[in-house]
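Visitor: Structure provided below as structure tokens; questions to follow.
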Number of protein chains: 12
Amino acid sequence: MSLPVYVLNGPNLNLLGTREPEIYGRQTLSDIEQAVGAHAARSGLTVDFRQSNHEGVLIDWIQEACTKASAIVFNPGGYSHTSVAIHDALRMVTCPVIEVHLSNPHRREAFRHHSYVSTVATGVICGLGATGYLLAIDAVAALLKAPR
Amino acid sequence: MSLPVYVLNGPNLNLLGTREPEIYGRQTLSDIEQAVGAHAARSGLTVDFRQSNHEGVLIDWIQEACTKASAIVFNPGGYSHTSVAIHDALRMVTCPVIEVHLSNPHRREAFRHHSYVSTVATGVICGLGATGYLLAIDAVAALLKAPR
Amino acid sequence: MSLPVYVLNGPNLNLLGTREPEIYGRQTLSDIEQAVGAHAARSGLTVDFRQSNHEGVLIDWIQEACTKASAIVFNPGGYSHTSVAIHDALRMVTCPVIEVHLSNPHRREAFRHHSYVSTVATGVICGLGATGYLLAIDAVAALLKAPR
Amino acid sequence: MSLPVYVLNGPNLNLLGTREPEIYGRQTLSDIEQAVGAHAARSGLTVDFRQSNHEGVLIDWIQEACTKASAIVFNPGGYSHTSVAIHDALRMVTCPVIEVHLSNPHRREAFRHHSYVSTVATGVICGLGATGYLLAIDAVAALLKAPR
Amino acid sequence: MSLPVYVLNGPNLNLLGTREPEIYGRQTLSDIEQAVGAHAARSGLTVDFRQSNHEGVLIDWIQEACTKASAIVFNPGGYSHTSVAIHDALRMVTCPVIEVHLSNPHRREAFRHHSYVSTVATGVICGLGATGYLLAIDAVAALLKAPR
Amino acid sequence: MSLPVYVLNGPNLNLLGTREPEIYGRQTLSDIEQAVGAHAARSGLTVDFRQSNHEGVLIDWIQEACTKASAIVFNPGGYSHTSVAIHDALRMVTCPVIEVHLSNPHRREAFRHHSYVSTVATGVICGLGATGYLLAIDAVAALLKAPR
Amino acid sequence: MSLPVYVLNGPNLNLLGTREPEIYGRQTLSDIEQAVGAHAARSGLTVDFRQSNHEGVLIDWIQEACTKASAIVFNPGGYSHTSVAIHDALRMVTCPVIEVHLSNPHRREAFRHHSYVSTVATGVICGLGATGYLLAIDAVAALLKAPR
Amino acid sequence: MSLPVYVLNGPNLNLLGTREPEIYGRQTLSDIEQAVGAHAARSGLTVDFRQSNHEGVLIDWIQEACTKASAIVFNPGGYSHTSVAIHDALRMVTCPVIEVHLSNPHRREAFRHHSYVSTVATGVICGLGATGYLLAIDAVAALLKAPR
Amino acid sequence: MSLPVYVLNGPNLNLLGTREPEIYGRQTLSDIEQAVGAHAARSGLTVDFRQSNHEGVLIDWIQEACTKASAIVFNPGGYSHTSVAIHDALRMVTCPVIEVHLSNPHRREAFRHHSYVSTVATGVICGLGATGYLLAIDAVAALLKAPR
Amino acid sequence: MSLPVYVLNGPNLNLLGTREPEIYGRQTLSDIEQAVGAHAARSGLTVDFRQSNHEGVLIDWIQEACTKASAIVFNPGGYSHTSVAIHDALRMVTCPVIEVHLSNPHRREAFRHHSYVSTVATGVICGLGATGYLLAIDAVAALLKAPR
Amino acid sequence: MSLPVYVLNGPNLNLLGTREPEIYGRQTLSDIEQAVGAHAARSGLTVDFRQSNHEGVLIDWIQEACTKASAIVFNPGGYSHTSVAIHDALRMVTCPVIEVHLSNPHRREAFRHHSYVSTVATGVICGLGATGYLLAIDAVAALLKAPR
Amino acid sequence: MSLPVYVLNGPNLNLLGTREPEIYGRQTLSDIEQAVGAHAARSGLTVDFRQSNHEGVLIDWIQEACTKASAIVFNPGGYSHTSVAIHDALRMVTCPVIEVHLSNPHRREAFRHHSYVSTVATGVICGLGATGYLLAIDAVAALLKAPR
């Protein structure tokens, strides 16, 4: 169980904390990375934390996770709602996948109500800001301990 | 901040652990109640844990929570998808509301993809079985500590 | 014609005046009850004023009204948009039925634009706050005087 | 507060009382004009009562009402369901607007269930025949007395 | 096989025979109860016959049937079309479930064409008036005899 | 039976013959007026032939036809697809109404496939160019002869 | 131009005059055949009049008409709304095709509002009873005379 | 009342018992024919039992039943969902029509949820396998006894 | 090329600058007329600037433009979304047509997202306030210079 | 494996080569039959090549193929888009089924985008003209060789 | 105000002038770059002109523009209709954003009628070919001068 | 004719043979590359075989193919269903384009039923596993030989 948890972040999350803080909060992605790493360590987990604006790069990373990660925590940003290709990549993953959104997409525009990731994720956590990432790590810890 | 967290459970959750375990898991609602109580205590929170099959009773409890609870953790079961009346009751609540589902509704029938509760909840946690309740308690603890 | 007018109020109307006053106004349901009673008396009508959060209780009352009421003034709240069972109960009523909404549902979310009650009501009055109840009483007075 | 209430009537209402009386009743528009005038006088209001089959004329009158009327009572007839231009004209009005329909459109064809006027009107009264106009005058009287 | 057949009746069926006889026929629910009891007896079956206007009560009874009934004959009335909660309760039942409607909903309004009960029922019988209940008893008798 | 047949033409038909001849043909509206008059005379009918680009004027003429015409032949042009007000005016007419289109709207854009006029017309003739008007006159002649 | 006009009749038209006369009139199909033959003769046209309940037979006849008929007058009955195969057969026809319906489908159920035949027919005549067939013959006569 | 009951079976039912038994059961159509005949005899009814894969043949038989049958028991198979022509044929029938399906279409693909036959049938019985035919015979027996 | 550019303005634009300035800006229509005239002069163009609330008048003007204008700049206001008749009039125009909207309709209500004018206009400019008119004049200048 | 491959052709394919060659090509069905036979022979397969305009006949042939064919190559023509009955027949087939279309339906009208055959076929080949039949034979050859 | 205007071009625009000139014109992207640069210089603006086929690269550039550009002129090509990720990136931009399309998407396929960019752009210019870029520069010049 | 055939593979196809073999088969992409190369050689064709998870890279390759390839065989994977940008790139291609899918998307989730590639491809082959690629090569060979 010594494989790291991949924490993957999709488009625009690199600007976190500097733009639209009333929706996404004031923490930067780097703040979250640090908090997640520290939190994971308490459960004996290591984290590989990445961000990309490129759909193809996210697919590459998910494919890599098939053999290199114990679990995926994934905030797919805007690709949640449009990417069948990411959906297909996630279908090939056998480890737990936790989808995280900082905001609650169900309170926003209609086009954010459907997620191609949710239909293949183990679980979904949304609307809880950066705390959502920490809860996702806890969920991973619980799932890795439990018989699946 | 000594008001309890209301943990409200909707229809059919009283049968938990005895029916459709492949979807909902093998823990009974009483098992969950105990686990939630113990987990909350660690964060200095108390829990008022209830279940009803009656939409009207759930509305009564949500109204009661307006003045008697510090937060609501709510698994609305089948009423998630059909109850505007519960939606309206939750709109009147000013404390945090965390919606929890044991299974991931996005992997199930289309009629489970929309929730009238999600559009008024602070956050949503689903697909993580009984662990979801514990994460919801942690979310409540974080939200009550943070400035809203 | 000495039967009372049933004034029935659906879910969450018991909290009137304390929650979301920018939508529903600052009068309590008890204020409205008094105003309606006084107004009805001027037309020689008596009023039986009730509220419930329970769909089943509202159906029981509508059925009771079949033989015990001269007319129904009904604010169905959130059940307007979802209850075929209330619709069916109202179909069995032969006296006038006036649907009242404090706010104007057509200015709100799409799911409030259809009402199962409107399709069986004699008339509908909405968007006029507590005044709507008084107009409904006047409508009842006019209808009971007129040949139907 | 000495400006008149504009009571505007849309297409085909000039034939009232002579056509489809089972839907619209047997009173002529002139009967209603007289009844409305008398009823308004009791509340100290004057009425400017008009009818046109022309969408453009109705828009002209609504624009005129912006500065010349204390309130609008409006039966838009068939334009309710199709006129964005009338909707836009009403958005520019700051006085109360009460939409009136003689019949209850929710009991009729599906294309009558949506009204572009309802989404900008203060309140809506329908299904109560000519009485609806009198109630609308009472609503105006109440709204003009109340702080808005 | 000595457990009774639960014959459950939803909202407004208590008024049977007194209202809208052109749709639902002239027999009262009590007439049907007697006929069903007598008919069941001929197949060696006993019947527990109930009616409620309350969705929650119907869910309670369905849950009770999980362990106390050999089969369910269910006329869900208006809840057929709106209740995911009843649907979920029925999913937990392992005995045969026969849905019965007195009228043929496919000949009525569009909102009656979908039933959340039909998608979990063993079989559906509709449009045959009170006779439908007797046929449902016969279906139950056949199903309980057959290997499932 | 000496009342004339009103032949009413909607928007843009005044440009007939000069624009888009591949869709509407090369005859001018005046050519059609003459042909229709001559054809009607052969059946002993007189014709009152008019055109307007104004919805309100067309409504005025339809209302006038209620008492002054023996039948209406109506090419509503673009208003076919959008005018509930014209639909309502035609509902008040008791004489035969024949809708005519020069082109066949079912072979054109989707928004031309529904006509508010067709749902109240006695009959519809389309796709036959100017000949359609002559057939409509023949249809009127047949209908006026026949018991309705 | 001595090829006959094929007058093809689809399912259930053989029962004409004996069933649902309030919708389809009291003339039998044989009455119509005679009237059509006589009427066509006046324009120097001959008619080949047929009826079948079988979609495949109708397709066979349409294919035959490609080389053996000068025009097709076609009442496709219920196949209007469902048959892509008939639509495809008609696309291969180069002579005029006039679709006829005895009743006006736009005044009936929604599923009768779309016709796969209308989208390939030259013209459509509906709502005019048996007269529609005669007008269709006149339309054919006009089309065969005109340059196409 | 000595006319036979027509029991008509649509496409693919001739293969019953040999294909997809998990959906349609193991009885052959011939087994069902025998069972139905025997069962009907007990109610003093005779049966004319037929099957065809051809829509046109089924229409011919329904038309024949207008004058030659006391009732129709009809399993339309796949034509249920697509045939307006069969719907129209059944509208012309005045005797009772009972639609039967071996499986419960509401538990299957979406395209099986609507039936053009249900909207004209007296009653519908589905999901009960071959037993459904026997219940349909009982329904016919009851209907023929009762005043309609 | 000495024909003027018709700048046509639809309903409610006469109130520009006095109503809803947060959406439409503070310039009056007369301000815009002046600015457009001056701007056009710089490109050697003359302008005929008009406004009407009447759909029929706008159609008359578009027809007039067929022969009297070198181009049309058109702000159709609310008729954009509802008028097939204006769409048809514009189809008959062969000169350039530039649709202008002061606000950006795609950021507003869903019913403003479709424009019957856009589907026949050469180009569309929106969201740029009064500047949009000037850009439209420049577009016209460029189009009239270029080979079409 | 000496059973023939059934090559079944639906409605209007008998006219191939003579009608709409820009869509379907210039080869006749007989040309294709010969080419397919020769091509199959090279893989040691025999072919039974048929065409019908009748849905019922096609169903009969598919049923026959259940026991008499090694595979089906099927061009269902217009029945692709409308026939649940053919879909059901194909569900009963256990040998490979290859759907072939001469043209590419996805480039044509919207009603050709869904095929009831595709949802039960092993594979689909379209847009490749007569070559598609030869490729289908190769696909069959490959499938019959491979373990399924 | 010395920051450059970013002129960003999405997928396939690099082939401009060589492919589908009947839709997109004959100018190459390099021609447009030159014309835009020269035109901008006249308003004292500099331009940074780029093109990419990669959604991720476009997002990177938009993010860069947040701090390095005075305005964005954006032709998103095919990503207009599908990219929520680009929409989200643009929401974070505070400078003016002008969307440009060479062709008029409203005259093309339905899937081009919605743009995720339009709902966050300041303004939209389409259908005017390369001229549209120049008008966009003028719009930027006007917006940067005006108080926002 | 010495340009190679581009065989382009979209997202996740690099994992072929290792993931979800029940859907996609057990052959790796490299196995397919070899088989395709050998098969093409037999028709005198050379192949340039590539795979990418990046939409932008696929667009680059398609653009390259405009001048460097004799044909494209394209398995667009998940981008089939979402990429207008790829659709636009393919529109610019004048050589044959054959779309290939290993599985039959019409038997899978609804979101796989529409392909933006199919609407611009010459032909489509699906559901035939790796054999589909070989058939595509044969199709290309036939198309390059034939006059287009």
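In the structure tokens, chains take letters A, B, ... by order of appearance, with residues numbered from 1 within each chain and ligands from 1 in the order shown.
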If the cut-off is 12 Å, can you tell me the residues of chain G near chain F, counting only C-alpha atoms? I'd like them as a ChimeraX atom specification.
Guide: /G:22,25,96-110,112-143,145-148
Visitor: Just N, CA and C atoms for this one: save the residues we selected as a compact mmCIF listing (two decimals), in the first residue's frame.
Guide:
# COMPACT_ATOMS: atom_id res chain seq x y z
N GLU G 22 -68.35 10.66 -36.97
CA GLU G 22 -68.21 12.05 -36.51
C GLU G 22 -66.82 12.58 -36.86
N GLY G 25 -66.75 11.11 -41.49
CA GLY G 25 -67.89 11.27 -42.39
C GLY G 25 -68.60 9.95 -42.69
N PRO G 96 -46.22 14.25 -59.55
CA PRO G 96 -46.82 14.95 -58.41
C PRO G 96 -47.44 13.97 -57.40
N VAL G 97 -47.30 14.31 -56.11
CA VAL G 97 -47.90 13.51 -55.04
C VAL G 97 -48.74 14.44 -54.17
N ILE G 98 -50.03 14.16 -54.07
CA ILE G 98 -50.91 14.98 -53.23
C ILE G 98 -51.35 14.12 -52.04
N GLU G 99 -51.02 14.58 -50.84
CA GLU G 99 -51.45 13.87 -49.62
C GLU G 99 -52.83 14.39 -49.21
N VAL G 100 -53.72 13.46 -48.92
CA VAL G 100 -55.08 13.84 -48.52
C VAL G 100 -55.41 13.19 -47.18
N HIS G 101 -56.02 13.96 -46.30
CA HIS G 101 -56.61 13.41 -45.07
C HIS G 101 -58.04 13.87 -44.96
N LEU G 102 -58.93 12.97 -44.62
CA LEU G 102 -60.34 13.32 -44.47
C LEU G 102 -60.53 14.30 -43.32
N SER G 103 -59.95 13.97 -42.17
CA SER G 103 -60.04 14.86 -41.02
C SER G 103 -58.83 15.79 -41.02
N ASN G 104 -58.82 16.74 -40.12
CA ASN G 104 -57.71 17.68 -39.98
C ASN G 104 -56.81 17.19 -38.83
N PRO G 105 -55.69 16.56 -39.15
CA PRO G 105 -54.89 15.94 -38.08
C PRO G 105 -54.36 16.93 -37.05
N HIS G 106 -54.28 18.21 -37.42
CA HIS G 106 -53.75 19.21 -36.49
C HIS G 106 -54.72 19.50 -35.36
N ARG G 107 -55.99 19.09 -35.51
CA ARG G 107 -56.97 19.26 -34.42
C ARG G 107 -57.04 18.00 -33.57
N ARG G 108 -56.23 17.02 -33.81
CA ARG G 108 -56.32 15.75 -33.08
C ARG G 108 -55.08 15.53 -32.21
N GLU G 109 -54.78 14.29 -31.81
CA GLU G 109 -53.69 14.02 -30.88
C GLU G 109 -52.33 14.49 -31.44
N ALA G 110 -51.42 14.81 -30.55
CA ALA G 110 -50.09 15.30 -30.93
C ALA G 110 -49.39 14.35 -31.89
N ARG G 112 -50.39 12.87 -34.32
CA ARG G 112 -50.85 13.02 -35.70
C ARG G 112 -50.36 14.32 -36.33
N HIS G 113 -49.57 15.10 -35.61
CA HIS G 113 -49.17 16.41 -36.15
C HIS G 113 -47.98 16.33 -37.09
N HIS G 114 -47.22 15.26 -37.02
CA HIS G 114 -46.11 15.09 -37.95
C HIS G 114 -46.44 14.00 -38.95
N SER G 115 -46.15 14.25 -40.23
CA SER G 115 -46.39 13.25 -41.27
C SER G 115 -45.11 13.08 -42.09
N TYR G 116 -44.62 11.86 -42.16
CA TYR G 116 -43.46 11.56 -43.00
C TYR G 116 -43.80 11.71 -44.48
N VAL G 117 -45.07 11.72 -44.80
CA VAL G 117 -45.49 11.88 -46.19
C VAL G 117 -45.47 13.36 -46.58
N SER G 118 -45.91 14.22 -45.68
CA SER G 118 -45.95 15.66 -46.01
C SER G 118 -44.58 16.19 -46.40
N THR G 119 -43.53 15.66 -45.79
CA THR G 119 -42.20 16.19 -46.07
C THR G 119 -41.68 15.78 -47.44
N VAL G 120 -42.39 14.90 -48.14
CA VAL G 120 -42.01 14.58 -49.53
C VAL G 120 -43.14 14.82 -50.53
N ALA G 121 -44.33 15.17 -50.04
CA ALA G 121 -45.45 15.42 -50.95
C ALA G 121 -45.30 16.77 -51.65
N THR G 122 -45.89 16.88 -52.82
CA THR G 122 -45.98 18.18 -53.48
C THR G 122 -46.89 19.09 -52.68
N GLY G 123 -48.06 18.60 -52.35
CA GLY G 123 -49.03 19.39 -51.61
C GLY G 123 -49.82 18.53 -50.65
N VAL G 124 -50.53 19.19 -49.73
CA VAL G 124 -51.31 18.49 -48.72
C VAL G 124 -52.68 19.15 -48.63
N ILE G 125 -53.71 18.33 -48.55
CA ILE G 125 -55.09 18.81 -48.39
C ILE G 125 -55.72 18.03 -47.26
N CYS G 126 -56.21 18.72 -46.22
CA CYS G 126 -56.79 17.95 -45.12
C CYS G 126 -57.96 18.67 -44.48
N GLY G 127 -58.81 17.87 -43.84
CA GLY G 127 -59.91 18.41 -43.06
C GLY G 127 -61.17 18.65 -43.87
N LEU G 128 -61.16 18.27 -45.13
CA LEU G 128 -62.28 18.62 -46.00
C LEU G 128 -63.10 17.39 -46.42
N GLY G 129 -62.94 16.29 -45.70
CA GLY G 129 -63.72 15.10 -45.98
C GLY G 129 -63.46 14.58 -47.38
N ALA G 130 -64.47 13.92 -47.95
CA ALA G 130 -64.34 13.33 -49.29
C ALA G 130 -64.06 14.39 -50.34
N THR G 131 -64.49 15.62 -50.08
CA THR G 131 -64.20 16.72 -51.02
C THR G 131 -62.71 16.85 -51.26
N GLY G 132 -61.93 16.54 -50.25
CA GLY G 132 -60.47 16.64 -50.37
C GLY G 132 -59.93 15.82 -51.54
N TYR G 133 -60.51 14.65 -51.77
CA TYR G 133 -60.06 13.81 -52.89
C TYR G 133 -60.32 14.50 -54.22
N LEU G 134 -61.47 15.16 -54.34
CA LEU G 134 -61.82 15.83 -55.59
C LEU G 134 -60.89 17.01 -55.83
N LEU G 135 -60.61 17.77 -54.76
CA LEU G 135 -59.68 18.89 -54.89
C LEU G 135 -58.30 18.38 -55.28
N ALA G 136 -57.93 17.23 -54.77
CA ALA G 136 -56.62 16.66 -55.09
C ALA G 136 -56.54 16.32 -56.58
N ILE G 137 -57.64 15.81 -57.11
CA ILE G 137 -57.69 15.52 -58.55
C ILE G 137 -57.53 16.81 -59.34
N ASP G 138 -58.20 17.87 -58.89
CA ASP G 138 -58.08 19.17 -59.55
C ASP G 138 -56.64 19.67 -59.47
N ALA G 139 -56.01 19.48 -58.31
CA ALA G 139 -54.62 19.89 -58.15
C ALA G 139 -53.73 19.13 -59.12
N VAL G 140 -53.97 17.83 -59.24
CA VAL G 140 -53.20 17.01 -60.18
C VAL G 140 -53.39 17.54 -61.60
N ALA G 141 -54.63 17.80 -61.95
CA ALA G 141 -54.92 18.29 -63.30
C ALA G 141 -54.15 19.58 -63.58
N ALA G 142 -54.15 20.49 -62.60
CA ALA G 142 -53.44 21.75 -62.76
C ALA G 142 -51.93 21.52 -62.87
N LEU G 143 -51.41 20.63 -62.04
CA LEU G 143 -49.96 20.39 -62.04
C LEU G 143 -49.50 19.73 -63.33
N LYS G 145 -50.85 20.06 -66.20
CA LYS G 145 -50.90 21.04 -67.28
C LYS G 145 -49.72 22.00 -67.20
N ALA G 146 -49.38 22.42 -65.96
CA ALA G 146 -48.33 23.43 -65.77
C ALA G 146 -46.96 22.86 -66.06
N PRO G 147 -46.00 23.74 -66.46
CA PRO G 147 -44.61 23.29 -66.53
C PRO G 147 -44.14 23.14 -65.10
N ARG G 148 -43.47 22.06 -64.74
CA ARG G 148 -43.01 21.83 -63.35
C ARG G 148 -41.68 22.46 -63.08
Visitor: Quick one: everything within 10 Å of Ala38 in chain K, counting only C-alpha atoms, minus sequence neighbours fewer than 6 positions away in the same chain. Send it as a list of chain:residue names.
Guide: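 After dropping sequence-adjacent residues, the list is K:Ile32, K:Gly44, K:Leu45, K:Thr46, K:Val47, K:Leu134.
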Visitor: Write a file of the just-selected residues containing N, CA, C and O atoms, as a PDB file, in the first residue's frame.
Guide:
ATOM      1  N   ILE K  32      -4.797  38.382 -41.956  1.00  0.00           N
ATOM      2  CA  ILE K  32      -5.613  39.025 -40.917  1.00  0.00           C
ATOM      3  C   ILE K  32      -4.713  39.604 -39.827  1.00  0.00           C
ATOM      4  O   ILE K  32      -4.927  40.721 -39.349  1.00  0.00           O
ATOM      5  N   GLY K  44      -3.640  53.442 -31.552  1.00  0.00           N
ATOM      6  CA  GLY K  44      -2.611  53.462 -30.523  1.00  0.00           C
ATOM      7  C   GLY K  44      -2.542  52.184 -29.703  1.00  0.00           C
ATOM      8  O   GLY K  44      -2.052  52.168 -28.575  1.00  0.00           O
ATOM      9  N   LEU K  45      -3.044  51.092 -30.273  1.00  0.00           N
ATOM     10  CA  LEU K  45      -3.040  49.807 -29.570  1.00  0.00           C
ATOM     11  C   LEU K  45      -2.018  48.865 -30.202  1.00  0.00           C
ATOM     12  O   LEU K  45      -1.773  48.924 -31.411  1.00  0.00           O
ATOM     13  N   THR K  46      -1.394  48.017 -29.384  1.00  0.00           N
ATOM     14  CA  THR K  46      -0.553  46.956 -29.926  1.00  0.00           C
ATOM     15  C   THR K  46      -1.292  45.642 -29.787  1.00  0.00           C
ATOM     16  O   THR K  46      -2.189  45.501 -28.961  1.00  0.00           O
ATOM     17  N   VAL K  47      -0.882  44.675 -30.583  1.00  0.00           N
ATOM     18  CA  VAL K  47      -1.601  43.413 -30.662  1.00  0.00           C
ATOM     19  C   VAL K  47      -0.641  42.248 -30.465  1.00  0.00           C
ATOM     20  O   VAL K  47       0.470  42.259 -30.978  1.00  0.00           O
ATOM     21  N   LEU K 134     -11.381  43.676 -37.197  1.00  0.00           N
ATOM     22  CA  LEU K 134     -11.105  45.111 -37.159  1.00  0.00           C
ATOM     23  C   LEU K 134     -12.149  45.826 -36.307  1.00  0.00           C
ATOM     24  O   LEU K 134     -11.828  46.692 -35.492  1.00  0.00           O
TER      25      LEU K 134
END
Visitor: Please indicate the distance in Å from CA of Phe74 in chain C to CA of Leu8 in chain C, rounded to one decimal place.
Guide: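 Value for the CA of Phe74 in chain C-CA of Leu8 in chain C distance: 4.8 Å.
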Visitor: Could you give me the residues within range 15-143 of chain H that DSSP places in alpha helix (DSSP H), as JSON, numbers by chain?
Guide: {"H": [21, 22, 23, 24, 29, 30, 31, 32, 33, 34, 35, 36, 37, 38, 39, 40, 41, 42, 55, 56, 57, 58, 59, 60, 61, 62, 63, 64, 65, 66, 67, 68, 84, 85, 86, 87, 88, 89, 90, 91, 131, 132, 133, 134, 135, 136, 137, 138, 139, 140, 141, 142, 143]}
Visitor: Could you pull out the strand (DSSP E or B) residues of chain A, going by DSSP on the backbone, and write them as a count of residues only?
Guide: 24
Visitor: Quick one: residues within 6 Å of Gly78 in chain F, only C-alpha atoms, excluding same-chain residues fewer than 2 positions away - as a ChimeraX atom specification?
Guide: /F:80 /I:84-85
Visitor: Would you list the contacts of Leu15 in chain L as a PyMOL selection string, taking every protein, DNA or RNA residue within 9 Å and counting only C-alpha atoms, but skipping same-chain residues closer than 2 positions in sequence?
Guide: (chain A and resi 63+92) or (chain L and resi 12-13+17-19+28-29)
